[in-house]
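Peer 1: There's a structure below that I have some questions on.
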Amino acid sequence: MTQVLDLAKRLLAAPSVTPATGPVFDEMEAMLAPLGFEVTRFRRGDGEPGSPEEAVENLFAIRRGPEGSRHFAFAGHLDVVPPGDGWTSAPFEPEERGDLLYGRGAVDMKGSIACMVDAVANVPAEAGTISFIITGDEEGPALHGTRALIEFMKAEGHQPDLCLVGEPTSVNRLGDMMKIGRRGSVNIWLEVEGTQGHVAYPHLADNPIPKLVAMLAELDALVLDEGTDWFQPSNLEITEIDTPNRAHNVIPAKAKARISIRFNDCHSGASLSEMVGEIAQKHGGRALPIISGEPFLTPPGEFSDIIARAVKAETGLDPEPSTTGGTSDARFLRAVCPVIEFGLCNATMHKRDEAVAIEDLSTLSRIYAAIAKDALAL
């Protein structure tokens, strides 16, 4: 208990609001090097602070097993969302109160990373190759994080057989859910051009707002699908409407909106973008899509069975295989090898007073160690 708790506190005490660089990676390297890991750190991005191109740091660490042995990877992120105001303790000064450890990142996901490090200390090096795929850019644009790590791994010939992402997947109790897939995500910016004019002379202007409203009404009425065996129905949500118009007596020249679609494997980001683009064009507008990720599924089988056995042994629970929730970097890693997400309880993630049950850290460390051993023994 003391070891994993100390590791978690060290990570929590290093502020790492996305995009993370520097001290938190120093701590991670200092934890892994004594365990026999060869650590590589690099930065990507050269833009201004606050821009999508802002520099982020990434870390890849590997402890090689015997020649020809299997390769199991732990993956996660050290960056965190901004803490916000109203905490009862300093967000980057970890504090134990009762049976909880408080701090930004306690569950999402520095606590899980501490459990991974503690776990590998209990996996013999001769069991096989273990690596860590750690980014500082999961909570941000995710442009120069895990995608850059995948490029690095490919160039260096590092090919994991299986990968476990430590996102906080548990809901009510540690071990009640694992994520075997995720829906895809696409955000689409919509714009309608009009002709500015005086509201008293509408025949001399062209109001873009009714066109945008009609467009959004058609999009909002869409039923994309009814769901599939493993995925909930796709949903389209209107997330922003904007008309840059500061005067009450002016018909604006432009109206804009944004929609977000979370979609299952009935669709692709490209097919949905094309459909929305056609509807936008029909109403005199245009659409700019940005696809954040495609849906993926790691079908139940050997990997999920390994996780389920380890969880059952420590908690008595049978974790539900699920694809619910938002996106994670598993959407990129699934192109490398089979990937499943499993981690701490997510009730306080991204909230003020984020906290993890101290006992859960010890339990998760044992679960991770069992998963790694069994995965390497396949």
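The way I read the labels, and the way they are meant: chains A, B, ... in the order of the structure tokens, residue 1 as the first residue of every chain, and ligand 1 as the first ligand shown, with later ones counted on from there.
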Could you list, as a ChimeraX atom specification, every residue within 10 Å of Leu317 of chain A, counting only C-alpha atoms and ignoring same-chain residues fewer than 3 positions away?
Peer 2: /A:173-177,308-314,320
Peer 1: Can you tell me which residues surround Thr169 of chain A at a distance of at most 10 Å, considering only C-alpha atoms, apart from same-chain residues fewer than 5 positions away, and format the answer as a PyMOL selection string?
Peer 2: chain A and resi 107-108+174-179+319+322+324-325+341-347
Peer 1: Report the distance between atom CA of Ile113 of chain A and atom CA of Ala8 of chain A in Å, rounded to one decimal place.
Peer 2: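 Atom-to-atom, atom CA of Ile113 of chain A and atom CA of Ala8 of chain A are spaced 7.8 Å apart.
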Peer 1: Do a neighbour search on Arg43 of chain A at 10 Å with only C-alpha atoms, toss out local chain neighbours closer than 3 positions, and write the hits as an MDAnalysis selection string.
Peer 2: chainID A and resid 21 46 54:59 135:136 144:145 148
Peer 1: Quick check for you: according to DSSP on this backbone, which residues of segment 186-327 of chain A are classed as alpha helix (DSSP H)? Reply as a PyMOL selection string.
Peer 2: chain A and resi 209-220+269-282+302-315
Peer 1: Got a sec: who's within 10 Å of Pro210 of chain A, counting only C-alpha atoms, leaving out chain neighbours fewer than 5 positions off, as a count of residues only?
Peer 2: 5
Peer 1: Nearest residue to Gly301 of chain A out of A:Ile238, A:Ile180, A:Gly68, A:Leu288, using only C-alpha atoms?
Peer 2: A:Ile180
Peer 1: As JSON, numbers by chain, please: every residue in segment 100-271 of chain A that a backbone DSSP assignment puts in strand (DSSP E or B).
Peer 2: {"A": [100, 101, 102, 129, 130, 131, 132, 133, 134, 135, 162, 163, 164, 165, 170, 177, 178, 179, 181, 182, 184, 185, 186, 187, 188, 189, 190, 191, 192, 193, 195, 197, 198, 206, 235, 236, 237, 238, 239, 240, 241, 242, 250, 251, 254, 255, 256, 257, 258, 259, 260, 261, 262, 263]}
Peer 1: When you count only C-alpha atoms, which of these residues is closest to Asp99 of chain A: A:Ala357, A:Ala221, A:Ala61, A:Val250?
Peer 2: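 For Asp99 of chain A, the nearest of the given residues is A:Ala357.
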Peer 1: Write out as a PDB file with N, CA and C atoms, in the first residue's frame the residues lying within 9 Å of Gly227 of chain A, counting only C-alpha atoms and excluding same-chain residues fewer than 5 positions away.
Peer 2:
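Done, and the output landed in around.pdb:
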```
ATOM      1  N   GLN A 232     -24.275   1.487 -28.323  1.00  0.00           N
ATOM      2  CA  GLN A 232     -25.512   2.230 -28.162  1.00  0.00           C
ATOM      3  C   GLN A 232     -25.786   3.031 -29.437  1.00  0.00           C
ATOM      4  N   PRO A 233     -27.018   3.546 -29.604  1.00  0.00           N
ATOM      5  CA  PRO A 233     -27.316   4.317 -30.817  1.00  0.00           C
ATOM      6  C   PRO A 233     -26.394   5.526 -30.966  1.00  0.00           C
ATOM      7  N   SER A 234     -26.112   5.866 -32.201  1.00  0.00           N
ATOM      8  CA  SER A 234     -25.356   7.091 -32.483  1.00  0.00           C
ATOM      9  C   SER A 234     -26.221   8.295 -32.129  1.00  0.00           C
ATOM     10  N   ASN A 264     -21.579   4.875 -33.824  1.00  0.00           N
ATOM     11  CA  ASN A 264     -21.169   3.481 -33.701  1.00  0.00           C
ATOM     12  C   ASN A 264     -20.674   2.944 -35.036  1.00  0.00           C
ATOM     13  N   ASP A 265     -20.496   1.615 -35.099  1.00  0.00           N
ATOM     14  CA  ASP A 265     -19.890   1.029 -36.288  1.00  0.00           C
ATOM     15  C   ASP A 265     -20.845   0.851 -37.456  1.00  0.00           C
ATOM     16  N   CYS A 266     -22.032   1.478 -37.381  1.00  0.00           N
ATOM     17  CA  CYS A 266     -22.890   1.581 -38.562  1.00  0.00           C
ATOM     18  C   CYS A 266     -22.378   2.662 -39.512  1.00  0.00           C
TER      19      CYS A 266
END
```
Peer 1: Can you measure atom CA of Thr195 of chain A to atom CA of Glu218 of chain A for me? One decimal in Å is fine.
Peer 2: 23.1 Å
Peer 1: Leaving out Leu12 of chain A and any residue of its chain fewer than 2 positions from it, which residues lie within 10 Å of it when counting only C-alpha atoms, given as a ChimeraX atom specification?
Peer 2: /A:6-10,14-16,24,78,80,91-95,101-106,109-111,114
Peer 1: Could the residues in this selection be saved with C-alpha atoms as a CSV table (one decimal), in the first residue's frame?
Peer 2:
```
chain,number,residue,atom,x,y,z
A,6,ASP,CA,3.8,7.2,-2.6
A,7,LEU,CA,4.0,6.8,-6.4
A,8,ALA,CA,0.5,8.4,-6.8
A,9,LYS,CA,1.4,11.3,-4.6
A,10,ARG,CA,4.6,12.0,-6.5
A,14,ALA,CA,3.7,17.6,-10.3
A,15,PRO,CA,1.2,20.1,-12.0
A,16,SER,CA,0.5,19.0,-15.5
A,24,VAL,CA,5.7,15.1,-14.2
A,78,LEU,CA,0.0,12.4,-17.5
A,80,VAL,CA,-4.9,16.7,-16.6
A,91,PRO,CA,-5.4,20.5,-6.3
A,92,PHE,CA,-1.6,19.8,-6.9
A,93,GLU,CA,-0.8,19.1,-3.2
A,94,PRO,CA,-2.0,15.5,-2.7
A,95,GLU,CA,-3.9,15.1,0.6
A,101,LEU,CA,-6.5,10.6,-1.7
A,102,TYR,CA,-7.4,14.0,-3.2
A,103,GLY,CA,-5.7,15.7,-6.1
A,104,ARG,CA,-6.2,16.6,-9.7
A,105,GLY,CA,-5.5,13.5,-11.7
A,106,ALA,CA,-6.2,11.1,-8.8
A,109,MET,CA,-5.3,9.1,-14.6
A,110,LYS,CA,-2.2,9.5,-12.5
A,111,GLY,CA,-3.6,7.1,-10.0
A,114,ALA,CA,1.0,4.8,-10.3
```
Peer 1: At what distance in Å, to one decimal, does atom CA of Phe332 of chain A lie from atom CA of Ala142 of chain A?
Peer 2: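 Atom CA of Phe332 of chain A lies 10.0 Å from atom CA of Ala142 of chain A.
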